[in-house]
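Colleague: The structure that follows is given in the form of structure tokens.
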Amino acid sequence: VSAQLEKHEGALYTVAIIQDLTDYHRTQSALRAYESRSRLFFESVPLPVLVYDLATLSILDANPAACLTYAYTLDELRALTVEELHAPEGYDIFRAHLPQMRQGQSLVTTSKHRRRDGTSMDMAISGYTLELDGRLVRLAVLRDITQQMTAERALIDSEQRLKIITELSTDGIWDCDIPSKDVHLNEAFRLIYGAPEDGGDLIAWWTERIHLDDRPAVVRSLQVALAGGGPYWSTEFRMLRSDGARYATVIVRAHIIRDGHGQATRLTGALVDISRQVEIAEATARAALEERQRLARDLHDSVT
């Protein structure tokens with residue numbers, strides 16, 4: 001209500017303007033509630049969230065998770081630009097994406113950031129551009145993936161080392177995905193025992209290369225190992241070499257990987273050529289037999 005006194009023809013009147021503010025107050029109350037919920041959501045998000053000006057790159061706001069992650073207070077973060085949170089090796093990536101951000105594109109990127117003490121972090125960033133008070137700002141939701149990236153790099157290094165060892169190995173090494181029957185062979189396997197030229201069924205090809213006399217026992221041994229619960233399979237047999245003319249006596253040693261139900265899903269192993277050892281053992285046995293025969297002849301002659 002707004003009222004004032006007015007005099008008219010010697011009489012005093014009160015002139016009042018009455019306005020219904022019910023809808024206005026209801027709207028204001030709803031707006032305050034919405035802002036309160038938005039603020040509560042912003043501050044409760046467990047991931048770091050930054051809001052920064054796309055023109056100046058100055059940080060306008062940050063949630064508590066961001067303060068904790070970067071080890072700055074909110075006021076200290078607001079005194080920085082978002083570029084200052086990047087590690088030097090992350091500058092170029094950030095600058096390369098700036099034009100896309102200013103065009104309003106939503107991006108998911110990774111970049112190197114650093115804490116207040118200078119330690120670096122690998123951050124996965126989901127960014128969204130919006131207009132706030134007449135200026136373009138960027139809302140960035142960040143996730144620290146340092147441990148994940150460290151583990152991935154270690155895995156890549158391990159796989160590279162394993163690949164080098166496998167390729168340099170003089171033993172035939174293979175890896176078989178049992179459900180898909182997808183088989184990978186190292187170079188030594190291909191050189192010593194060959195491989196199907198058309199990339200066909202490697203398991204059937206391998207079975208046919210086993211000496212006919214050994215084949216039933218080897219296949220049965222493998223079936224028993226896969227059906228059982230053990231993690232290993234080992235046997236000895238003769239396998240045709242890559243020249244298609246000679247057989248190598250080999251020992252196979254394999255590790256069986258199983259799923260949660262105990263079903264075999266992967267078979268990884270090596271063929272170790274023991275032909276030379278077998279030849280030496282046979283030659284030794286022959287020499288011993290010949291020596292015994294010679295001694296027997298000498299003893300017979302002596303007795304005679």
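Following the order of the structure tokens, first chain is A, next is B, and so on, with residues numbered from 1 inside each chain and ligands from 1 in the order they appear.
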Residues of range 60-283 of chain A in strand (DSSP E or B) according to DSSP, as a ChimeraX atom specification?

Modeller: /A:60-62,81,86,107-114,120-132,135-144,172-177,182-185,210,232-240,247-258,264-273

Colleague: Residues within 12 Å of Leu130 in chain A, please, as a list of chain:residue names. Count only C-alpha atoms; anything in the same chain fewer than 6 positions from it doesn't count.

Modeller: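 Contacts, in chain order: A:Val51, A:Tyr52, A:Asp53, A:Leu54, A:Met101, A:Arg102, A:Gln103, A:Gly104, A:Gln105, A:Ser106, A:Leu136, A:Val137, A:Arg138, A:Leu139, A:Ala140.
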
Colleague: Would you give me, as a ChimeraX atom specification, the residues in range 74-271 of chain A that DSSP reads as helix (DSSP H, G or I)?

Modeller: /A:74-78,82-85,88-102,146-168,187-193,202-209,215-227

Colleague: At a cut-off of 12 Å, using only C-alpha atoms, what residues contact Asp20 in chain A? Leave out same-chain residues fewer than 6 positions from it and give the result as a list of chain:residue names.

Modeller: A:Val1, A:Ser2, A:Arg26

Colleague: Might you pull out every residue within 9 Å of Val15 in chain A, with only C-alpha atoms counted and same-chain residues fewer than 3 positions away left off, and present them as a list in words?

Modeller: Ser2, Ala3, Gln4, Leu5 and Glu6 of chain A

Colleague: For Tyr70 in chain A, list every protein, DNA or RNA residue within 10 Å, evaluated using only C-alpha atoms, and leave out those in the same chain fewer than 5 positions away; present the list as a PyMOL selection string.

Modeller: chain A and resi 48+65+77+85+113-121

Colleague: Give me a file of those residues, with C-alpha atoms, as a short mmCIF file (atom, residue, chain, number, x, y, z; two decimals), in the first residue's frame.

Modeller:
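Once everything was written out, this is again-v7.cif:
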```cif
data_model
loop_
_atom_site.label_atom_id
_atom_site.label_comp_id
_atom_site.auth_asym_id
_atom_site.auth_seq_id
_atom_site.Cartn_x
_atom_site.Cartn_y
_atom_site.Cartn_z
CA PRO A 48 35.62 -30.33 -8.55
CA ALA A 65 35.65 -30.10 -3.90
CA LEU A 77 41.01 -19.48 -6.61
CA LEU A 85 45.75 -24.23 -12.77
CA HIS A 113 46.70 -29.64 -13.94
CA ARG A 114 48.69 -28.82 -10.84
CA ARG A 115 47.96 -28.30 -7.17
CA ARG A 116 49.10 -25.39 -5.09
CA ASP A 117 52.29 -27.28 -4.12
CA GLY A 118 53.15 -27.85 -7.79
CA THR A 119 52.32 -31.55 -8.00
CA SER A 120 50.65 -32.43 -11.28
CA MET A 121 47.33 -34.22 -11.80
#
```

Colleague: Do you have, as a Markdown table, the list of residues of range 116-233 of chain A lying at most 8 Å from range 247-257 of chain A, each with its nearest atom pair and that distance in Å to one decimal, counting only C-alpha atoms and ordered by chain then number?

Modeller:
```
| residue | atom | partner | partner_atom | distance |
| --- | --- | --- | --- | --- |
| A:His211 | CA | A:Tyr247 | CA | 7.7 |
| A:Leu226 | CA | A:Ile256 | CA | 7.4 |
| A:Gly230 | CA | A:Ile256 | CA | 7.6 |
| A:Pro231 | CA | A:Ile256 | CA | 4.8 |
| A:Tyr232 | CA | A:His255 | CA | 4.7 |
| A:Trp233 | CA | A:Ala254 | CA | 5.1 |
```

Colleague: Can you tell me how far CA of Cys67 in chain A sits from CA of Phe94 in chain A, in Å to one decimal?

Modeller: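 Computing the Euclidean distance for CA of Cys67 in chain A and CA of Phe94 in chain A yields 20.5 Å.
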